[in-house]
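J.: Below: one structure in structure tokens.
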Amino acid sequence: MSSISESAAVSGVAPESTLDLHEIQATVLRPRPAPYFGTHVLLRIDEPSAGRKLFRRLTPHIDSADSWWTAANPWLSVGISYAGLKAVGLPDNSLQSFPEAFREGMAARARQLGDVGLNDPKNWDAAYGKGEVHIGVQAFSDSEEDRRRIIGLAREQIDGLSVSILAMQDFGAQPGDLNSLGYKDGIDQPAIEGSGFDPLPGQGQPIKPGEFILGYPGEAGFPLPMPQPDILGRNGTFVGFRKYQSRVGAFNRFLQAHGSNEAERELLAAKLVGRWRSGAPLVLAPEVDNPAVGADPQRNNDFNYANDPRGRQAPFGCHIRRMNPRDSKLTRLTDVNLHRLIRRGTTYGPPYDPNALSEADDEVPRGAIFLFISAKAMTTIEFLQQEWINDGNFIGIGDERDPIIGLQQEGAVFTIPREPVRRRVHSIETFNVLRGGEYFFMPSISALNWLANGFQ
Amino acid sequence: MASQSQTATASETELTGAQKIQQLRELFADATDVGKTALENVIKELSSQVSEPPPPIESAGRVGARLGQRSELTIIVPLVPGGAKRLRTFLQLLGGNLSPGASKVGTLHDMRFVFIDNDTRLLFATSFDGDWDTYIDDFIALIPDYLDLMDSAWEGWPGIRNPGAKDYLVKHQITAEGWFVANPELSLAEIDRLKRVGAAADEFLDKIQ
């Protein structure tokens, strides 16, 4: 294939894995291709037998993570919400074995997630948060042609069943795989022990697989509790699906208001994220962008914060230092490895437009749908939302919030540490608004067959 | 456990200020004269505050009360035979001052261990930043032995790595009925930040003199 996924762009050694790769769904381990194209499909099952029929038809087309490092384009994956598991008639004792936050659903956990105000579930797109989304199907490919082919294949499996399509959202960020605020994204992913590849430079010590896939030891040395029976839980994982809309006008107005020329605006844009738009981290390119570093997977993540203890290169509050503080000094006893997620970011809508300045531009449907994957995705997303996104206490900056995905309050500020005195940027707004969200269980291939065969 | 009965009390707060005062007077009808006089004097002072109460105390997650950044936790547990002696001796290892280890946690404002009922039960009370289980996975990963060392004196403690550990704590926790925090918006991290800012401001002022 033409496209080699970035994380797999390591040379040499034949991969060896200690995980049941043929059981784990491909999307869990396989990074999106470059370039990437795809579609999210959200389904409602209208009668229990239709759900089982759908799994019977769909499962042969769901890819496993076998040889995930090769770009076996295109591929399909599937997740089931708690409402979906009920809709297919999963027995009650099995339903009750799922974690509480998953059973309640993302909308009902709005308090714990801080999804209030602009991000309140009552403002979400029609399909979400009502317990109607039962199934999420994801198609990934490296060309528009293949995307159409594989999504056609998925639709054939749905045709003629009592299953309703609630939403279809195509994605793919062209040109250049930049996200809807104009940055290269998806660079830093956790390395998973036993997944078959040595970590990329800067990925850090591999994290125990049980943090990301059910049935394996986690960081504390033992596996997390699994949904029951065993065949349903093992090699499965959880997915937090969150749809954001980017307020590109507000973002550009903010840059215009606080940067008097292009260079100042681009530096401010880099300070917000901790990387230049090219992907080059500020720690490696503190003064000016270095696109060659940004483009090189061997170099663009190869750093820590040992030489930036005061945040003068990457501000404490910037997006990437929050989402992975690495060796930053934190105020609270924290094991950073416990709060990582595998992210599959999927950008939708028209590309970033640096000249979009109006409030109407904020309403253009473009943004990103994220799949946040972890064996304890609900706990981790709630932790991140409370501690690392919508607060700053964990890293000693008071109540400042994540400048990219935080929900900003009236009078919010962003502090840029500098010599001799820090710069405090006022009037930062919410640049990405939550438009929907669901929790899915992403079962193993055997579990999908078990669901298809009426729980046996 | 005692925590179950608290919920009912909390939901009865629909009474008006005047009704609450009336209810108090009825309950104090059988009190001593000292109590009755004190009540009337206090009502004079507090009546305006009763009709316009301060911000309500929130929940700290599954159990416990929260004011702003701060949450409280009170646990009363029966001790295993010999548990009090073990735990007391361990606490005395540092002369009863737990600050060297406890300050590393970064969210704990205070902690106290009180042995009651002839060493058969322990009252453990603490206040801390945030919901009580936010960092529990971090504690399990980073300081499991400290938790198990202290909690193994507790009757029926399943071990911090046991999935039932959280339920055990919830079962023995009693939510406070009344509570005061002087600066509920100040987390420990924020207090530390303000100390740094204060020191920097003084240094700056010294330099421009």
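Residue numbers start at 1 in each chain; chains themselves are named A, B, ... in the order of the structure tokens; ligands are numbered from 1 in the order shown.
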Please determine the contact residues of chain A with respect to chain B at a cut-off of 7 Å, counting only C-alpha atoms, and supply them as an MDAnalysis selection string.
T.: chainID A and resid 219:220 331:335 383 393 396 398
J.: List as a PyMOL selection string the protein and nucleic acid residues near A:Pro365, meaning an atom at most 9 Å away when only C-alpha atoms are counted, but skip any in the same chain fewer than 3 places from it.
T.: chain A and resi 245-246+348-350+361-362
J.: Would you put the residues from that selection into a file with N, CA and C atoms, as a PDB file, in the first residue's frame?
T.:
```pdb
ATOM      1  N   GLN A 245     -17.173  20.831  17.330  1.00  0.00           N
ATOM      2  CA  GLN A 245     -17.205  21.767  16.213  1.00  0.00           C
ATOM      3  C   GLN A 245     -16.234  22.894  16.519  1.00  0.00           C
ATOM      4  N   SER A 246     -15.373  23.199  15.553  1.00  0.00           N
ATOM      5  CA  SER A 246     -14.376  24.246  15.767  1.00  0.00           C
ATOM      6  C   SER A 246     -14.970  25.610  15.451  1.00  0.00           C
ATOM      7  N   TYR A 348     -13.491  16.633  10.180  1.00  0.00           N
ATOM      8  CA  TYR A 348     -14.550  16.700   9.168  1.00  0.00           C
ATOM      9  C   TYR A 348     -14.785  18.154   8.758  1.00  0.00           C
ATOM     10  N   GLY A 349     -15.458  18.302   7.619  1.00  0.00           N
ATOM     11  CA  GLY A 349     -15.828  19.635   7.157  1.00  0.00           C
ATOM     12  C   GLY A 349     -14.726  20.286   6.339  1.00  0.00           C
ATOM     13  N   PRO A 350     -14.985  21.538   5.899  1.00  0.00           N
ATOM     14  CA  PRO A 350     -13.986  22.229   5.071  1.00  0.00           C
ATOM     15  C   PRO A 350     -12.707  22.473   5.851  1.00  0.00           C
ATOM     16  N   ASP A 361     -18.684  32.240  10.553  1.00  0.00           N
ATOM     17  CA  ASP A 361     -17.648  31.218  10.339  1.00  0.00           C
ATOM     18  C   ASP A 361     -17.591  30.216  11.496  1.00  0.00           C
ATOM     19  N   ASP A 362     -18.032  30.662  12.689  1.00  0.00           N
ATOM     20  CA  ASP A 362     -18.047  29.758  13.845  1.00  0.00           C
ATOM     21  C   ASP A 362     -19.072  28.650  13.678  1.00  0.00           C
TER      22      ASP A 362
END
```
J.: Residues within 9 Å of stretch 321-327 of chain A, please, as an mmCIF file with C-alpha atoms, in the first residue's frame. Count only C-alpha atoms; anything in the same chain fewer than 2 positions from it doesn't count.
T.:
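Written output follows (out_2.cif):
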```cif
data_model
loop_
_atom_site.group_PDB
_atom_site.id
_atom_site.type_symbol
_atom_site.label_atom_id
_atom_site.label_comp_id
_atom_site.auth_asym_id
_atom_site.auth_seq_id
_atom_site.Cartn_x
_atom_site.Cartn_y
_atom_site.Cartn_z
ATOM 1 C CA ASP A 188 1.691 11.694 20.355
ATOM 2 C CA GLY A 204 8.349 6.877 26.745
ATOM 3 C CA VAL A 273 -0.887 23.977 21.553
ATOM 4 C CA GLY A 274 2.766 23.506 22.496
ATOM 5 C CA ASN A 304 10.524 15.976 27.527
ATOM 6 C CA TYR A 305 10.203 19.036 29.742
ATOM 7 C CA ALA A 306 13.418 18.592 31.752
ATOM 8 C CA ALA A 314 5.909 25.182 26.191
ATOM 9 C CA PRO A 315 3.543 27.011 28.600
ATOM 10 C CA PHE A 316 2.252 24.860 31.489
ATOM 11 C CA GLY A 317 -1.258 25.441 30.209
ATOM 12 C CA CYS A 318 -0.667 24.530 26.544
ATOM 13 C CA HIS A 319 -2.691 21.688 25.093
ATOM 14 C CA LYS A 329 6.355 18.635 37.974
ATOM 15 C CA LEU A 330 2.715 18.151 38.950
ATOM 16 C CA VAL A 336 0.831 10.009 34.172
ATOM 17 C CA ASN A 337 0.607 6.567 32.543
ATOM 18 C CA HIS A 339 -4.417 8.880 32.302
ATOM 19 C CA ARG A 340 -3.428 8.291 28.693
ATOM 20 C CA LEU A 384 -9.019 14.496 32.018
ATOM 21 C CA TRP A 388 -6.227 18.332 33.005
ATOM 22 C CA ILE A 389 -8.669 20.103 30.641
ATOM 23 C CA GLY A 392 -5.100 24.248 35.966
ATOM 24 C CA ILE A 395 0.136 21.995 37.089
ATOM 25 C CA ASP A 402 -7.072 23.949 28.099
#
```
J.: Just list as a ChimeraX atom specification whatever in chain B DSSP marks as strand (DSSP E).
T.: /B:58-59,65-67,70-78,108-116,121-129
J.: Measure the distance from atom CA of B:Ile75 to atom CA of B:Asn183 in Å and round it to one decimal.
T.: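 Atom-to-atom, atom CA of B:Ile75 and atom CA of B:Asn183 are spaced 23.5 Å apart.
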J.: With only C-alpha atoms as the basis for distance, which of B:Gly95, B:Met111, B:Asp117, B:Arg86 is at the shortest distance from B:Leu149?
T.: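 Nearest candidate to B:Leu149 out of B:Gly95, B:Met111, B:Asp117, B:Arg86: B:Arg86.
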J.: Interatomic distance between atom CA of A:Glu211 and atom CA of A:Gly233?
T.: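 Separating atom CA of A:Glu211 from atom CA of A:Gly233 is a distance of 13.8 Å.
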J.: Tell me, in Å to one decimal, how far atom CA of A:Gly202 is from atom CA of A:Ser328.
T.: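 Between these atoms lies a distance of 14.0 Å.
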J.: Which one is closest to A:Pro33: A:Gly129, A:Gly89, A:Gly84, A:Gly176? Count only C-alpha atoms.
T.: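 Answer, going by the shortest atom-to-atom distance: A:Gly176.
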J.: Just want the 8 Å neighbourhood of stretch 224-228 of chain A, counted on only C-alpha atoms, with same-chain residues fewer than 4 positions away dropped. Output as a compact mmCIF listing (two decimals) with N, CA and C atoms, in the first residue's frame.
T.:
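Saved as out.txt:
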```
# COMPACT_ATOMS: atom_id res chain seq x y z
N SER A 94 -25.29 -9.74 32.56
CA SER A 94 -24.18 -9.29 31.74
C SER A 94 -24.20 -7.76 31.62
N LEU A 95 -25.39 -7.20 31.41
CA LEU A 95 -25.51 -5.73 31.32
C LEU A 95 -24.97 -5.07 32.59
N SER A 97 -22.72 -6.01 34.50
CA SER A 97 -21.28 -6.15 34.70
C SER A 97 -20.49 -5.03 34.03
N PHE A 98 -21.17 -4.15 33.30
CA PHE A 98 -20.48 -3.01 32.68
C PHE A 98 -20.33 -1.87 33.69
N PRO A 99 -19.27 -1.07 33.55
CA PRO A 99 -19.04 0.03 34.51
C PRO A 99 -20.22 1.01 34.54
N GLY A 210 -3.05 -3.71 29.69
CA GLY A 210 -4.34 -3.73 30.37
C GLY A 210 -4.96 -2.36 30.56
N GLU A 211 -4.17 -1.29 30.39
CA GLU A 211 -4.75 0.04 30.45
C GLU A 211 -5.60 0.33 29.21
N LEU A 214 -8.89 -4.94 27.51
CA LEU A 214 -9.35 -5.73 28.65
C LEU A 214 -8.76 -7.14 28.62
N GLY A 215 -8.40 -7.63 29.81
CA GLY A 215 -7.92 -9.00 29.93
C GLY A 215 -6.42 -9.10 30.13
N TYR A 216 -5.72 -7.96 30.12
CA TYR A 216 -4.27 -7.97 30.31
C TYR A 216 -3.92 -7.17 31.57
N PRO A 217 -2.75 -7.44 32.17
CA PRO A 217 -2.37 -6.66 33.36
C PRO A 217 -2.22 -5.17 33.04
N GLY A 218 -2.73 -4.33 33.95
CA GLY A 218 -2.58 -2.89 33.81
C GLY A 218 -1.37 -2.40 34.57
N LEU A 232 -17.20 -12.09 26.22
CA LEU A 232 -17.68 -10.77 25.83
C LEU A 232 -16.64 -9.70 26.14
N GLY A 233 -16.00 -9.80 27.31
CA GLY A 233 -15.12 -8.72 27.75
C GLY A 233 -13.71 -8.78 27.18
N ARG A 234 -13.13 -9.99 27.18
CA ARG A 234 -11.70 -10.12 26.87
C ARG A 234 -11.35 -9.59 25.47
N ALA A 375 -9.19 0.87 28.17
CA ALA A 375 -9.94 -0.14 28.91
C ALA A 375 -10.77 0.50 30.02
N PRO B 163 -11.27 -4.68 43.74
CA PRO B 163 -12.29 -3.79 43.17
C PRO B 163 -13.33 -3.36 44.21
```
J.: Excluding stretch 413-420 of chain A and its own-chain neighbours fewer than 5 positions away, which residues fall within 6 Å of it when counting only C-alpha atoms? Please give them as a VMD selection string.
T.: chain A and resid 311 to 312 315 425 to 426 428
J.: Store the residues picked out above in a file with N, CA and C atoms, as a tab-separated table (two decimals), in the first residue's frame.
T.:
```tsv
chain	number	residue	atom	x	y	z
A	311	GLY	N	8.22	26.47	31.96
A	311	GLY	CA	7.23	26.65	30.90
A	311	GLY	C	7.52	27.79	29.95
A	312	ARG	N	8.78	28.19	29.84
A	312	ARG	CA	9.08	29.34	28.97
A	312	ARG	C	9.12	28.95	27.50
A	315	PRO	N	4.24	26.56	27.39
A	315	PRO	CA	3.54	27.01	28.60
A	315	PRO	C	2.92	25.83	29.35
A	425	VAL	N	-2.72	36.45	28.41
A	425	VAL	CA	-3.58	36.78	27.28
A	425	VAL	C	-5.03	36.65	27.73
A	426	HIS	N	-5.76	37.74	27.56
A	426	HIS	CA	-7.15	37.76	28.03
A	426	HIS	C	-8.12	37.38	26.92
A	428	ILE	N	-9.82	34.73	26.13
A	428	ILE	CA	-9.79	33.47	25.39
A	428	ILE	C	-11.18	32.85	25.45
```
J.: Hey, what's within 12 Å of B:Phe28 if we count only C-alpha atoms and toss same-chain stuff fewer than 5 positions away? As a ChimeraX atom specification, please?
T.: /B:21-23,33-40
J.: Which is closer to B:Asn97 than all the others in B:Gln173, B:Phe113, B:Lys207, B:Thr126, using only C-alpha atoms?
T.: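 Ranked by minimum distance to B:Asn97, first place goes to B:Phe113.
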J.: Just asking: which residues within stretch 36-133 of chain B are alpha helix (DSSP H) according to DSSP, as a PyMOL selection string?
T.: chain B and resi 36-51+83-92+99-102
J.: Store the residues picked out above in a file with C-alpha atoms, as a short mmCIF file (atom, residue, chain, number, x, y, z; two decimals), in the first residue's frame.
T.:
```cif
data_model
loop_
_atom_site.label_atom_id
_atom_site.label_comp_id
_atom_site.auth_asym_id
_atom_site.auth_seq_id
_atom_site.Cartn_x
_atom_site.Cartn_y
_atom_site.Cartn_z
CA LYS B 36 -33.70 27.64 75.38
CA THR B 37 -32.19 31.01 76.27
CA ALA B 38 -29.20 30.33 74.04
CA LEU B 39 -31.49 29.36 71.16
CA GLU B 40 -33.50 32.59 71.40
CA ASN B 41 -30.32 34.68 71.51
CA VAL B 42 -28.88 32.89 68.52
CA ILE B 43 -32.10 33.15 66.52
CA LYS B 44 -32.01 36.92 66.94
CA GLU B 45 -28.58 36.95 65.40
CA LEU B 46 -29.11 34.36 62.66
CA SER B 47 -32.67 34.98 61.47
CA SER B 48 -31.58 37.10 58.49
CA GLN B 49 -29.05 34.44 57.42
CA VAL B 50 -31.62 31.67 57.69
CA SER B 51 -33.88 33.42 55.20
CA GLY B 83 -5.18 -3.34 64.88
CA ALA B 84 -5.17 -0.24 67.09
CA LYS B 85 -1.79 -1.12 68.57
CA ARG B 86 -0.28 -1.76 65.15
CA LEU B 87 -1.65 1.42 63.66
CA ARG B 88 -0.76 3.56 66.69
CA THR B 89 2.81 2.25 66.66
CA PHE B 90 3.07 2.97 62.96
CA LEU B 91 1.77 6.53 63.42
CA GLN B 92 4.26 7.05 66.23
CA SER B 99 3.46 15.62 56.96
CA PRO B 100 6.57 14.14 55.30
CA GLY B 101 4.61 11.46 53.44
CA ALA B 102 1.15 12.97 53.31
#
```
J.: Using only C-alpha atoms, which of B:Lys166, B:Trp157, B:Lys20, B:Ser59 sits nearest B:Glu72?
T.: B:Ser59
J.: Which residue is closest to A:Arg247? Choose from A:Asn179, A:Asn432, A:Asn235, A:Gln203 and count only C-alpha atoms.
T.: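 Under the stated criterion, the closest residue is A:Asn432.
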J.: Neighbours of stretch 280-287 of chain A within 7 Å (only C-alpha atoms; same-chain residues fewer than 5 positions away dropped), as a PyMOL selection string?
T.: chain A and resi 274-275+293-294+300+313-314
